[in-house]
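Take a look at the structure below.
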Amino acid sequence: MTGRRIDLQDLLFGLFLVGVAAFTTVATWSLRVGTAANMGPGYMPRAIAALVCAFGLFFVGRGLVSPFKSIAPPQPRAVIFILAAVAAFAVLVTTAGLMIASVVTIVIAGFASREMRVVETVLFGSAMAVGAVLVFVQALKLPVPIWPW
Amino acid sequence: MLRSLCLLVMAALVGAALQPSAAEAQSFTRAVRIVVPYAPGGSSDILARLIAPKLQEAIGQAVVVENKPGGSGNIGADAVAKAAKDGHTLLLLDVGTLALAPSLFADLTFDPQKDLAPVGMIMFAPYVLAVAPQLPVKSVAELVAYAKANPGKVAVANSGIGGMNHVTPIRIGKALGIEWKNVPYRGGAAATRAVVSGESQVIFNGVSGSLQFVKNGQLVGLAVSGPARLASVPDLPTFDEAKLPAGDSGTWQGLMVTAGSPPELIAKLDAELRKILANPDIAQKIADLGGTVKADGPAAFKAWLAENVKTLGEVVRENGIKGE
Amino acid sequence: MDLFSNLALGLATAVEPINLLYCLIGVVIGTAIGVLPGIGPIPTVALLLPFTFGLDATSAFIMLAGIFYGAQYGGSTTAILVNVPGETSSVVTCLDGHKMAQQGRAGPALAIAAISSFYAGTIATVVICLLSLPLSALALKFTAVEYFSLLVLGLLAAVVLAHGSVMKALAMVLLGLLLGLIGIDVSSGAARMTFGVAELGDGIDFVPVAMGLFGLGEIMANLERPPVRQVVSQKVRDLIPSWADLKASFPAMTRGTLIGCILGVLPGGGAALPPFTAYAVEKKLSKNKAMFGHGAIEGVAAPEAANNAGAQTSFIPLLTLGIPANALMALMIGALMMHGIQPGPQIMTEQPQLVWGVIASMWVGNLMLLVINLPLVGIWVSMLKIPYRLMFPAIALLCCIGTYGIANSVFNIWLMLGCALVGYFFIKVGAEPAPLLLGLVLGPQLEENFRRAMLLSDGDLLVFLQRPISAVLLVVAAMLILVLLSPTVFRKRKEALAE
């Protein structure tokens, strides 16, 4: 491994920055740039995007010449279930109500860990859901339905 | 901590148990929402929270205030425009901004006149025209002369692009041939601070925001908008008396409902709103907010909205103001 | 002397039983909402406002103020225990506070947070009494020009927050600035990068970004690591800070308090600047810089002190000038007006009992917070005994509810989801999110003030050097950047020599 000269962390971060800079430039292309004295809405995005791009290129360059450094291989299980849990909450909270959304979110999120025990998580989720409704809806008056009906 | 939460919960439950029964009014079948399309704490929010408990007593259903801020109030207004047409979703907002919205925002997702139905106007709060003490003017005439002599130099602070107090100086400038330097700030408080510190020189802002500074000399008051002089600053002339145009400028707050809601419910809301506004206690609170009660029903409100969408829209288009 | 008679009047007002009761209610509610992520003090105060109409103005105001500083206080508990910053101010506390918790030192971290807050609250009360008038004069001296320079300095200082590469931290600040540009441009009304999404019009909310990057990103990264048993000790000796902890914290608290007192007065700086600045200063001054970001107790003490001191001194412009320093103070003005009191300079002479009563009640309230919270430390720490397999779904749920609750917006939940994914990527590539958050919070103000300064000076850049306060701030910023970059340069040289 010692012979390879790529720092993956730097390289990926650099590419990410260049990508963000390019995206910003495209997205704000139509805005008026103006001059330094009389700046238009497009001035700052363009200027910062240029700086971000410069940083990105710096990291790409440094990544290519630095000694090899890998990144820990991603484990999709945690990422997928956590994101799915959040998405489920977003979909359910205004349609099915806080009670159901809370239980579903906790159970889906639970699957992100290998140590998950189904019965325990469902019971815990139900308790959390009741607690959340009492605290957020009853006491703090968060305007959100409790049940789908 | 846990105990305090228990207390909170208990208080909420007791509160719920004390709500009046739904016996008297069959018309409202479930909780009514008043959507305030701004963050908590502004005039609209305070008004909604004043009115909600009284309305709850009157209609026998829970009335909850829901803040839905964002997009100059358009997000909350859009939510009400697209709500079920059953009269249970109300909108309390600054209707001056609403009248400006169609001409400012090309891609507005609702039509204020077609998708929302007026219930009633609630309050009008006039503007105070005030200047920084460093500015060598003591009257409207002197300000106009000074601004004409220094075109593009006099900075007018406004509380955001496309707001009523951004449009007001533009209307006046247009009519009198004044070229202001319009400086936008984030909100009325920031704009006021800037004029008090002398960073900008002129401001049109509500009585509640400016009056205290005028009274203690940190700002020099020149005139007030609206039909009559104010009891709190009797020596300030009205815009009309000072020969300034745009005398109808100010903040107008009104209550609306999803268009297509049952007319009986709108009539009921209108009647209850008038009763609530006739309450001297509420009138006093509205006066504390720097305004006067404006209990106009649906018809007058509708006419007001139509006229302002037209006249303000012309100002916006002629001056190329854009909200995009 | 005036000061003593004023303080005596204030204390007499504050210890009236009814005011003590409302102060207690305020700080308890404040602590509760601070601990719950997402439900901030602003909606809570708005919610309680109508209930205060029936109260005496002084009692009402004492309670509302208690909610505010109580929430500042409670927020650090969540930050330390589960790494979820509910408010801007607790981002910094996450850095070292949560590291301490992971090392089994949650008890001392929570206790030091409580003690620092009380200490800062005590000093800030004295500062308010002594310096209200000169400090409010300073606040008026700050125009767009001075703000711009202050913000530049603040953003550069943010780089110190990361304990990794300076370059990566700078890049993260820039990314934060870019995110901050999203929304309708205040100076022109043009929509930038909103892609037709109305919710983006007012810019990106801080809370979904913070919860996505910190809370959820951290969970995903944690789950990948081989499971580490949380070190939770219930021995009293491990709950209270050691003498060495206190000795290390004390100077940090003092500096943090001073920084908080000054920055809190400036309108616009809001909750973000004092804790960030205090942390940056500590890190620069500390003898063991390497500890920062790995559980340095000074890294908890200084920002907590700054945060609480700033929260209190932000009442100064409100009480003396009638000008709110932040959104919550604007709400307080609304509260005063609802009680028929016009805020402004005359309020000090017309309502001395209200002003001094509220000031004295802040000290009383801080004492209450200390008494309430120190015994609670044990309970909070024992919460860490909940197995992680149950803990992390609960955190995920609280993040969801909190994010929704900010503006009752489902869009914010999706935004948090996106930020969680990006946060996971940042952890993978070794980039730390704290500087990005400061960029996001301060970016819009930076641009606004720059453009406003340019507009008012007709495009003369020299204005930033002509005004003395601004010039000093910029010189300090220039020195800071030299200090920051020099180790990188030197290391490069060393590496080059080594090869």
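By convention here, the chains of the structure tokens are called A, B, ... in the order presented, each chain's residues are numbered starting at 1, and ligands are numbered starting at 1 in the order presented.
The neighbours of B:Val315 here are the residues that come within 10 Å of it, using only C-alpha atoms and leaving out any residue fewer than 5 positions away in the same chain; they are B:Leu100, B:Ser103, B:Val167, B:Thr168, B:Ile170, B:Arg171, B:Lys174, B:Lys310, B:Gly320, B:Ile321.
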Any chance you could export the current selection's C-alpha atoms as a tab-separated table (two decimals), in the first residue's frame?
chain	number	residue	atom	x	y	z
B	100	LEU	CA	-48.79	43.73	-2.97
B	103	SER	CA	-47.65	42.19	-8.52
B	167	VAL	CA	-43.49	51.18	-1.44
B	168	THR	CA	-44.65	54.26	0.53
B	170	ILE	CA	-41.40	55.33	-3.61
B	171	ARG	CA	-44.98	56.53	-4.09
B	174	LYS	CA	-42.70	59.59	-7.56
B	310	LYS	CA	-54.68	47.64	-8.43
B	320	GLY	CA	-39.69	47.70	-11.46
B	321	ILE	CA	-39.77	46.39	-7.87
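Counting only C-alpha atoms, A:Ala47 has the following residues at most 10 Å away, ignoring those fewer than 6 positions along the same chain: Ala21, Thr25, Val33 and Cys53 of chain A; Leu178 of chain C.
Proximity to stretch 104-116 of chain B at 9 Å, evaluated using only C-alpha atoms and with sequence-adjacent residues fewer than 4 positions away removed, yields Asn74, Ala77, Asp78, Val80, Ala81, Lys82, Leu91, Leu98, Ala99, Leu100, Gly162, Met256, Val257, Thr258, Ala259, Gly260, Lys302, Leu305, Ala306, Val309, Gly313, Val316, Arg317, Ile321, Lys322, Gly323 and Glu324 of chain B; Gly196 of chain C.
Comparing A:Ala22, A:Ile71, A:Val65, A:Val130 by their smallest distance to chain C, the closest is A:Ile71 (using only C-alpha atoms).
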